[in-house]
$ cat structure_33.pdb   # PDB, C-alpha atoms (C1' of nucleotides)
ATOM      1  CA  MET A   1     -23.903  62.908 -67.389
ATOM      2  CA  ILE A   2     -20.454  64.401 -67.661
ATOM      3  CA  VAL A   3     -17.833  61.655 -67.650
ATOM      4  CA  GLU A   4     -14.655  63.400 -68.816
ATOM      5  CA  VAL A   5     -13.231  66.890 -68.271
ATOM      6  CA  GLU A   6      -9.968  68.820 -68.400
ATOM      7  CA  ALA A   7      -8.925  71.881 -66.430
ATOM      8  CA  TYR A   8      -7.204  74.937 -67.911
ATOM      9  CA  ARG A   9      -5.933  78.021 -66.172
ATOM     10  CA  GLY A  10      -4.318  81.187 -67.386
ATOM     11  CA  SER A  11      -1.455  81.646 -65.014
ATOM     12  CA  GLY A  12       1.182  78.941 -65.001
ATOM     13  CA  ASP A  13      -0.601  76.808 -67.601
ATOM     14  CA  PRO A  14       1.092  77.106 -71.001
ATOM     15  CA  ALA A  15      -1.629  75.001 -72.634
ATOM     16  CA  SER A  16      -4.365  77.467 -71.742
ATOM     17  CA  HIS A  17      -5.744  79.891 -74.304
ATOM     18  CA  ALA A  18      -5.421  82.545 -71.620
ATOM     19  CA  PHE A  19      -1.738  81.931 -70.918
ATOM     20  CA  ARG A  20      -0.599  84.925 -72.952
ATOM     21  CA  GLY A  21      -3.262  87.224 -71.667
ATOM     22  CA  ARG A  22      -6.655  88.431 -72.683
ATOM     23  CA  THR A  23      -7.726  88.307 -76.341
ATOM     24  CA  LYS A  24     -10.991  88.568 -78.208
ATOM     25  CA  ARG A  25     -11.371  84.808 -78.290
ATOM     26  CA  ASN A  26     -10.579  84.017 -74.665
ATOM     27  CA  GLU A  27     -12.151  86.991 -72.922
ATOM     28  CA  VAL A  28     -14.948  85.011 -71.287
ATOM     29  CA  MET A  29     -12.288  82.981 -69.470
ATOM     30  CA  PHE A  30     -11.450  86.208 -67.655
ATOM     31  CA  GLY A  31     -15.059  86.866 -66.711
ATOM     32  CA  PRO A  32     -17.125  85.419 -63.882
ATOM     33  CA  ALA A  33     -17.275  81.692 -63.225
ATOM     34  CA  GLY A  34     -20.134  79.547 -64.436
ATOM     35  CA  HIS A  35     -20.335  80.838 -67.992
ATOM     36  CA  ALA A  36     -19.888  78.906 -71.231
ATOM     37  CA  TYR A  37     -16.646  79.374 -73.142
ATOM     38  CA  VAL A  38     -17.216  77.977 -76.623
ATOM     39  CA  TYR A  39     -14.377  78.154 -79.114
ATOM     40  CA  PHE A  40     -13.836  76.882 -82.634
ATOM     41  CA  THR A  41     -10.801  74.752 -83.387
ATOM     42  CA  MET A  42      -9.037  72.791 -86.115
ATOM     43  CA  GLY A  43     -11.220  74.414 -88.737
ATOM     44  CA  VAL A  44     -13.995  72.009 -87.861
ATOM     45  CA  HIS A  45     -15.075  71.704 -84.259
ATOM     46  CA  ASN A  46     -16.546  73.684 -81.408
ATOM     47  CA  CYS A  47     -15.516  72.909 -77.847
ATOM     48  CA  LEU A  48     -17.487  73.652 -74.696
ATOM     49  CA  ASN A  49     -15.939  74.875 -71.456
ATOM     50  CA  VAL A  50     -17.326  76.083 -68.161
ATOM     51  CA  THR A  51     -15.468  79.085 -66.798
ATOM     52  CA  THR A  52     -13.970  78.996 -63.327
ATOM     53  CA  GLU A  53     -12.032  81.366 -61.083
ATOM     54  CA  GLY A  54     -13.474  84.652 -62.293
ATOM     55  CA  ASP A  55     -12.724  88.186 -61.212
ATOM     56  CA  GLY A  56      -9.933  88.641 -63.738
ATOM     57  CA  MET A  57      -8.467  85.216 -63.018
ATOM     58  CA  PRO A  58      -8.797  83.159 -66.214
ATOM     59  CA  GLY A  59      -9.827  79.530 -65.937
ATOM     60  CA  ALA A  60     -12.103  76.968 -67.538
ATOM     61  CA  VAL A  61     -13.024  73.310 -67.528
ATOM     62  CA  LEU A  62     -13.310  71.644 -70.921
ATOM     63  CA  ILE A  63     -16.191  69.198 -71.124
ATOM     64  CA  ARG A  64     -14.769  66.312 -73.135
ATOM     65  CA  ALA A  65     -17.475  63.651 -72.952
ATOM     66  CA  ILE A  66     -20.918  62.890 -71.617
ATOM     67  CA  GLU A  67     -22.895  59.729 -71.176
ATOM     68  CA  PRO A  68     -26.162  60.417 -73.012
ATOM     69  CA  THR A  69     -29.198  59.735 -70.848
ATOM     70  CA  GLU A  70     -31.993  61.472 -72.749
ATOM     71  CA  GLY A  71     -32.562  63.080 -76.124
ATOM     72  CA  LEU A  72     -30.791  60.193 -77.798
ATOM     73  CA  ASP A  73     -32.771  60.487 -81.023
ATOM     74  CA  LEU A  74     -31.903  64.153 -81.445
ATOM     75  CA  MET A  75     -28.263  63.470 -80.700
ATOM     76  CA  ARG A  76     -28.180  60.693 -83.259
ATOM     77  CA  ARG A  77     -29.705  63.012 -85.826
ATOM     78  CA  ASN A  78     -27.218  65.801 -85.057
ATOM     79  CA  ARG A  79     -24.319  63.392 -85.394
ATOM     80  CA  GLY A  80     -25.594  61.301 -88.252
ATOM     81  CA  LEU A  81     -24.509  58.319 -86.208
ATOM     82  CA  ASP A  82     -26.328  55.524 -84.468
ATOM     83  CA  GLU A  83     -23.708  54.203 -82.100
ATOM     84  CA  THR A  84     -24.567  55.527 -78.627
ATOM     85  CA  ARG A  85     -21.081  55.038 -77.200
ATOM     86  CA  ARG A  86     -19.583  57.534 -79.621
ATOM     87  CA  LEU A  87     -22.387  60.095 -79.754
ATOM     88  CA  ALA A  88     -20.741  62.542 -77.368
ATOM     89  CA  ALA A  89     -17.299  61.018 -76.744
ATOM     90  CA  GLY A  90     -14.838  63.818 -77.426
ATOM     91  CA  PRO A  91     -15.268  67.615 -77.169
ATOM     92  CA  GLY A  92     -16.085  68.148 -80.842
ATOM     93  CA  ASN A  93     -18.512  65.254 -80.944
ATOM     94  CA  LEU A  94     -20.192  66.466 -77.785
ATOM     95  CA  THR A  95     -20.982  69.961 -79.075
ATOM     96  CA  LYS A  96     -22.242  68.544 -82.341
ATOM     97  CA  ALA A  97     -24.491  66.052 -80.572
ATOM     98  CA  LEU A  98     -25.933  68.744 -78.317
ATOM     99  CA  GLY A  99     -26.133  71.383 -81.047
ATOM    100  CA  ILE A 100     -23.864  73.803 -79.180
ATOM    101  CA  GLY A 101     -22.267  76.538 -81.285
ATOM    102  CA  ARG A 102     -20.412  79.771 -80.713
ATOM    103  CA  GLU A 103     -23.676  81.662 -80.318
ATOM    104  CA  LEU A 104     -23.621  80.233 -76.788
ATOM    105  CA  ASN A 105     -20.204  81.670 -76.005
ATOM    106  CA  GLY A 106     -20.549  83.643 -72.783
ATOM    107  CA  GLU A 107     -23.906  82.092 -71.864
ATOM    108  CA  ASP A 108     -24.592  82.328 -68.139
ATOM    109  CA  LEU A 109     -25.000  78.698 -67.182
ATOM    110  CA  VAL A 110     -26.571  79.586 -63.854
ATOM    111  CA  ARG A 111     -29.402  81.615 -65.323
ATOM    112  CA  SER A 112     -29.755  80.254 -68.843
ATOM    113  CA  ARG A 113     -32.745  78.159 -69.807
ATOM    114  CA  ILE A 114     -30.979  76.997 -72.957
ATOM    115  CA  LEU A 115     -27.765  75.561 -71.573
ATOM    116  CA  PHE A 116     -27.206  74.624 -67.957
ATOM    117  CA  LEU A 117     -25.983  71.892 -65.639
ATOM    118  CA  GLU A 118     -27.890  69.815 -63.144
ATOM    119  CA  ARG A 119     -26.545  67.966 -60.199
ATOM    120  CA  GLY A 120     -26.566  64.197 -60.636
ATOM    121  CA  GLU A 121     -25.166  61.228 -58.824
ATOM    122  CA  ASN A 122     -21.574  61.469 -57.772
ATOM    123  CA  ILE A 123     -19.327  59.460 -60.042
ATOM    124  CA  ARG A 124     -17.423  56.672 -58.318
ATOM    125  CA  GLY A 125     -13.917  55.847 -59.494
ATOM    126  CA  ILE A 126     -12.404  58.963 -61.019
ATOM    127  CA  GLY A 127      -9.264  58.509 -63.108
ATOM    128  CA  VAL A 128      -6.596  61.162 -63.565
ATOM    129  CA  SER A 129      -4.260  61.671 -66.507
ATOM    130  CA  THR A 130      -2.485  64.257 -68.604
ATOM    131  CA  ARG A 131      -4.600  66.264 -70.982
ATOM    132  CA  VAL A 132      -5.344  65.154 -74.533
ATOM    133  CA  GLY A 133      -3.877  66.953 -77.513
ATOM    134  CA  VAL A 134      -1.583  69.082 -75.391
ATOM    135  CA  GLY A 135       2.164  69.178 -75.919
ATOM    136  CA  ALA A 136       4.072  67.008 -73.475
ATOM    137  CA  GLY A 137       5.992  69.889 -71.971
ATOM    138  CA  LYS A 138       2.772  71.673 -71.086
ATOM    139  CA  SER A 139       1.014  68.670 -69.751
ATOM    140  CA  PHE A 140      -0.209  68.785 -66.193
ATOM    141  CA  ARG A 141      -2.316  65.854 -65.058
ATOM    142  CA  TRP A 142      -5.511  67.833 -65.254
ATOM    143  CA  ARG A 143      -7.748  65.408 -67.103
ATOM    144  CA  PHE A 144     -10.382  63.689 -64.979
ATOM    145  CA  PHE A 145     -12.668  60.923 -66.155
ATOM    146  CA  ALA A 146     -15.037  58.228 -64.959
ATOM    147  CA  ARG A 147     -13.027  55.037 -64.850
ATOM    148  CA  ASP A 148     -14.474  52.053 -66.711
ATOM    149  CA  ASN A 149     -17.134  54.221 -68.299
ATOM    150  CA  PRO A 150     -17.516  53.368 -72.000
ATOM    151  CA  PHE A 151     -18.615  56.889 -72.924
ATOM    152  CA  VAL A 152     -15.205  58.427 -72.201
ATOM    153  CA  SER A 153     -13.382  59.566 -75.353
ATOM    154  CA  LYS A 154     -10.546  57.598 -76.905
ATOM    155  CA  GLY A 155      -8.179  60.569 -77.020
ATOM    156  CA  LYS A 156      -4.622  59.819 -76.002
ATOM    157  CA  PRO A 157      -3.084  61.717 -73.118
ATOM    158  CA  SER A 158       0.477  62.887 -73.628
ATOM    159  CA  VAL A 159       3.215  60.802 -72.092
ATOM    160  CA  ARG A 160       5.098  63.134 -69.770
ATOM    161  CA  SER A 161       3.463  65.051 -66.983
ATOM    162  CA  GLN A 162       4.219  67.460 -64.200
ATOM    163  CA  ASN A 163       1.764  68.872 -61.755
ATOM    164  CA  PRO A 164       2.429  72.324 -60.372
TER     165      PRO A 164
ATOM    166  C1'  DC B   1      -7.188  47.054 -82.428
ATOM    167  C1'  DT B   2      -3.441  50.950 -83.564
ATOM    168  C1'  DC B   3      -1.329  54.154 -86.499
ATOM    169  C1'  DG B   4      -0.920  57.932 -89.923
ATOM    170  C1'  DT B   5      -2.959  61.464 -92.366
ATOM    171  C1'  DG B   6      -6.041  65.069 -94.436
ATOM    172  C1'  DA B   7      -9.704  68.416 -93.686
ATOM    173  C1'  DT B   8     -10.612  73.383 -93.084
ATOM    174  C1'  DT B   9     -11.435  77.970 -90.295
ATOM    175  C1'  DG B  10      -9.808  81.655 -87.871
ATOM    176  C1'  DA B  11      -7.002  83.602 -84.095
ATOM    177  C1'  DC B  12      -2.670  85.035 -83.081
ATOM    178  C1'  DT B  13       2.328  86.399 -83.999
TER     179       DT B  13
ATOM    180  C1'  DG C   1       2.352  82.561 -92.316
ATOM    181  C1'  DT C   2       1.705  79.244 -88.672
ATOM    182  C1'  DC C   3      -0.730  76.058 -86.271
ATOM    183  C1'  DA C   4      -4.412  74.570 -83.163
ATOM    184  C1'  DA C   5      -7.683  71.896 -76.012
ATOM    185  C1'  DT C   6     -10.116  67.224 -83.080
ATOM    186  C1'  DC C   7     -12.232  63.667 -85.883
ATOM    187  C1'  DA C   8     -13.059  60.171 -89.433
ATOM    188  C1'  DC C   9     -11.259  57.086 -92.338
ATOM    189  C1'  DG C  10      -8.289  53.720 -94.471
ATOM    190  C1'  DA C  11      -4.261  50.676 -94.156
ATOM    191  C1'  DG C  12      -2.012  47.321 -91.672
ATOM    192  C1'  DC C  13      -1.584  43.960 -87.987
TER     193       DC C  13
END
$ encode --input "structure_33.pdb" --output "structure tokens"
Amino acid sequence: MIVEVEAYRGSGDPASHAFRGRTKRNEVMFGPAGHAYVYFTMGVHNCLNVTTEGDGMPGAVLIRAIEPTEGLDLMRRNRGLDETRRLAAGPGNLTKALGIGRELNGEDLVRSRILFLERGENIRGIGVSTRVGVGAGKSFRWRFFARDNPFVSKGKPSVRSQNP
DNA sequence: CTCGTGATTGACT
DNA sequence: GTCAATCACGAGC
């Protein structure tokens, strides 16, 4: 169950990979909505996004944390960690737990049998904050998370914010 | 618990 | 050459 996400857009969002236009890395952000955008960062981690907008309008939602509900053993093995609360708390941890790599970049999440989303219960009590790891000047309050859910990551939002 | 720091690849300027 | 949509770990409180 997804418990923490952040939104990114190309136009008017300096923190977005797509802010300065189309590149080899970010091209799936410019494609149709509902595809996986997987990128590698900090020399170590992959991060999973779901594209939005589409039709030449770049956009994506970064999946930052999930509450594991099944496949716990596999996730523990992938992470080399026992503690359930931290298995998939944080975008890098999440992709490692689920075994998601850049080979899934561009995957059609509507049609794929490998990677897809299912509808679950609506989450009650959604918190809003600035995005994690984004410079203060670029920080819209576009992080959304399940309040009081222990599986949300411990990343610190930046202090200042401005919503367009 | 919080804070500071190093790791390590590759995309972009 | 710069630096990033991060994480783990160790020191200190």
$ resolve_selection --input "structure_33.pdb" --expression "the PyMOL selection byres ((chain A) within 8 of (chain C))" --output "JSON list (two decimals) with C-alpha atoms, in the coordinates of the input"
[["chain", "number", "residue", "atom", "x", "y", "z"],
["A", 15, "ALA", "CA", -1.63, 75.00, -72.63],
["A", 16, "SER", "CA", -4.36, 77.47, -71.74],
["A", 41, "THR", "CA", -10.80, 74.75, -83.39],
["A", 42, "MET", "CA", -9.04, 72.79, -86.12],
["A", 44, "VAL", "CA", -14.00, 72.01, -87.86],
["A", 45, "HIS", "CA", -15.08, 71.70, -84.26],
["A", 62, "LEU", "CA", -13.31, 71.64, -70.92],
["A", 91, "PRO", "CA", -15.27, 67.61, -77.17],
["A", 92, "GLY", "CA", -16.08, 68.15, -80.84],
["A", 132, "VAL", "CA", -5.34, 65.15, -74.53],
["A", 133, "GLY", "CA", -3.88, 66.95, -77.51],
["A", 134, "VAL", "CA", -1.58, 69.08, -75.39]]
$ resolve_selection --input "structure_33.pdb" --expression "the PyMOL selection byres ((chain A and resi 107-119) around 12)" --output "PyMOL selection string"
chain A and resi 1-2+28-29+31-38+48-52+63+66+95+98-106+120-123
$ write_last_selection --input "structure_33.pdb" --atoms "C-alpha atoms" --output "mmCIF file, in the frame of the given file"
data_model
loop_
_atom_site.group_PDB
_atom_site.id
_atom_site.type_symbol
_atom_site.label_atom_id
_atom_site.label_comp_id
_atom_site.auth_asym_id
_atom_site.auth_seq_id
_atom_site.Cartn_x
_atom_site.Cartn_y
_atom_site.Cartn_z
ATOM 1 C CA MET A 1 -23.903 62.908 -67.389
ATOM 2 C CA ILE A 2 -20.454 64.401 -67.661
ATOM 3 C CA VAL A 28 -14.948 85.011 -71.287
ATOM 4 C CA MET A 29 -12.288 82.981 -69.470
ATOM 5 C CA GLY A 31 -15.059 86.866 -66.711
ATOM 6 C CA PRO A 32 -17.125 85.419 -63.882
ATOM 7 C CA ALA A 33 -17.275 81.692 -63.225
ATOM 8 C CA GLY A 34 -20.134 79.547 -64.436
ATOM 9 C CA HIS A 35 -20.335 80.838 -67.992
ATOM 10 C CA ALA A 36 -19.888 78.906 -71.231
ATOM 11 C CA TYR A 37 -16.646 79.374 -73.142
ATOM 12 C CA VAL A 38 -17.216 77.977 -76.623
ATOM 13 C CA LEU A 48 -17.487 73.652 -74.696
ATOM 14 C CA ASN A 49 -15.939 74.875 -71.456
ATOM 15 C CA VAL A 50 -17.326 76.083 -68.161
ATOM 16 C CA THR A 51 -15.468 79.085 -66.798
ATOM 17 C CA THR A 52 -13.970 78.996 -63.327
ATOM 18 C CA ILE A 63 -16.191 69.198 -71.124
ATOM 19 C CA ILE A 66 -20.918 62.890 -71.617
ATOM 20 C CA THR A 95 -20.982 69.961 -79.075
ATOM 21 C CA LEU A 98 -25.933 68.744 -78.317
ATOM 22 C CA GLY A 99 -26.133 71.383 -81.047
ATOM 23 C CA ILE A 100 -23.864 73.803 -79.180
ATOM 24 C CA GLY A 101 -22.267 76.538 -81.285
ATOM 25 C CA ARG A 102 -20.412 79.771 -80.713
ATOM 26 C CA GLU A 103 -23.676 81.662 -80.318
ATOM 27 C CA LEU A 104 -23.621 80.233 -76.788
ATOM 28 C CA ASN A 105 -20.204 81.670 -76.005
ATOM 29 C CA GLY A 106 -20.549 83.643 -72.783
ATOM 30 C CA GLY A 120 -26.566 64.197 -60.636
ATOM 31 C CA GLU A 121 -25.166 61.228 -58.824
ATOM 32 C CA ASN A 122 -21.574 61.469 -57.772
ATOM 33 C CA ILE A 123 -19.327 59.460 -60.042
#
$ atom_distance --input "structure_33.pdb" --atom1 "atom CA of A:Arg131" --atom2 "atom CA of A:His17"
14.1 Å
$ resolve_selection --input "structure_33.pdb" --expression "the PyMOL selection byres ((chain A) within 12 of (chain B))" --output "list in words"
His17, Arg20, Gly21, Arg22, Thr23, Lys24, Arg25, Asn26, Tyr39, Phe40, Thr41, Met42, Gly43, Val44, His45, Asn46, Lys154 and Lys156 of chain A
$ atom_distance --input "structure_33.pdb" --atom1 "atom CA of A:Ala18" --atom2 "atom CA of A:Glu67"
28.7 Å
$ atom_distance --input "structure_33.pdb" --atom1 "atom CA of A:Thr69" --atom2 "atom CA of A:Gly155"
21.9 Å
$ axis_aligned_box --input "structure_33.pdb" --around "stretch 1-7 of chain B" --padding-each-side "8 Å" --output "lines of an AutoDock Vina configuration file"
center_x = -5.3
center_y = 57.7
center_z = -88.4
size_x = 24.8
size_y = 37.4
size_z = 28.0
$ residues_around --input "structure_33.pdb" --residues "A:Ala7" --least-positions-apart "2" --cutoff "7 Å" --atoms "all atoms listed in the file" --output "ChimeraX atom specification"
/A:5,9,60-62,142-143
$ build_atoms --input "structure_33.pdb" --residues "stretch 41-54 of chain A" --atoms "N, CA and C atoms" --output "PDB file, keeping the file's coordinate frame"
ATOM      1  N   THR A  41     -12.181  75.192 -83.226  1.00  0.00           N
ATOM      2  CA  THR A  41     -10.801  74.752 -83.387  1.00  0.00           C
ATOM      3  C   THR A  41     -10.627  73.795 -84.559  1.00  0.00           C
ATOM      4  N   MET A  42      -9.433  73.701 -85.053  1.00  0.00           N
ATOM      5  CA  MET A  42      -9.037  72.791 -86.115  1.00  0.00           C
ATOM      6  C   MET A  42      -9.861  72.981 -87.380  1.00  0.00           C
ATOM      7  N   GLY A  43     -10.443  74.154 -87.543  1.00  0.00           N
ATOM      8  CA  GLY A  43     -11.220  74.414 -88.737  1.00  0.00           C
ATOM      9  C   GLY A  43     -12.526  73.653 -88.816  1.00  0.00           C
ATOM     10  N   VAL A  44     -12.856  72.901 -87.772  1.00  0.00           N
ATOM     11  CA  VAL A  44     -13.995  72.009 -87.861  1.00  0.00           C
ATOM     12  C   VAL A  44     -14.905  72.023 -86.640  1.00  0.00           C
ATOM     13  N   HIS A  45     -14.311  72.043 -85.453  1.00  0.00           N
ATOM     14  CA  HIS A  45     -15.075  71.704 -84.259  1.00  0.00           C
ATOM     15  C   HIS A  45     -15.234  72.860 -83.275  1.00  0.00           C
ATOM     16  N   ASN A  46     -16.366  72.815 -82.563  1.00  0.00           N
ATOM     17  CA  ASN A  46     -16.546  73.684 -81.408  1.00  0.00           C
ATOM     18  C   ASN A  46     -16.277  72.886 -80.146  1.00  0.00           C
ATOM     19  N   CYS A  47     -15.739  73.564 -79.125  1.00  0.00           N
ATOM     20  CA  CYS A  47     -15.516  72.909 -77.847  1.00  0.00           C
ATOM     21  C   CYS A  47     -16.166  73.719 -76.742  1.00  0.00           C
ATOM     22  N   LEU A  48     -16.759  73.012 -75.794  1.00  0.00           N
ATOM     23  CA  LEU A  48     -17.487  73.652 -74.696  1.00  0.00           C
ATOM     24  C   LEU A  48     -16.700  73.603 -73.392  1.00  0.00           C
ATOM     25  N   ASN A  49     -16.565  74.774 -72.781  1.00  0.00           N
ATOM     26  CA  ASN A  49     -15.939  74.875 -71.456  1.00  0.00           C
ATOM     27  C   ASN A  49     -16.887  75.555 -70.491  1.00  0.00           C
ATOM     28  N   VAL A  50     -16.658  75.320 -69.206  1.00  0.00           N
ATOM     29  CA  VAL A  50     -17.326  76.083 -68.161  1.00  0.00           C
ATOM     30  C   VAL A  50     -16.261  76.924 -67.479  1.00  0.00           C
ATOM     31  N   THR A  51     -16.485  78.222 -67.406  1.00  0.00           N
ATOM     32  CA  THR A  51     -15.468  79.085 -66.798  1.00  0.00           C
ATOM     33  C   THR A  51     -15.402  78.876 -65.291  1.00  0.00           C
ATOM     34  N   THR A  52     -14.210  79.125 -64.760  1.00  0.00           N
ATOM     35  CA  THR A  52     -13.970  78.996 -63.327  1.00  0.00           C
ATOM     36  C   THR A  52     -13.256  80.254 -62.859  1.00  0.00           C
ATOM     37  N   GLU A  53     -12.817  80.249 -61.624  1.00  0.00           N
ATOM     38  CA  GLU A  53     -12.032  81.366 -61.083  1.00  0.00           C
ATOM     39  C   GLU A  53     -12.826  82.667 -61.097  1.00  0.00           C
ATOM     40  N   GLY A  54     -12.746  83.389 -62.191  1.00  0.00           N
ATOM     41  CA  GLY A  54     -13.474  84.652 -62.293  1.00  0.00           C
ATOM     42  C   GLY A  54     -12.718  85.811 -61.692  1.00  0.00           C
TER      43      GLY A  54
END
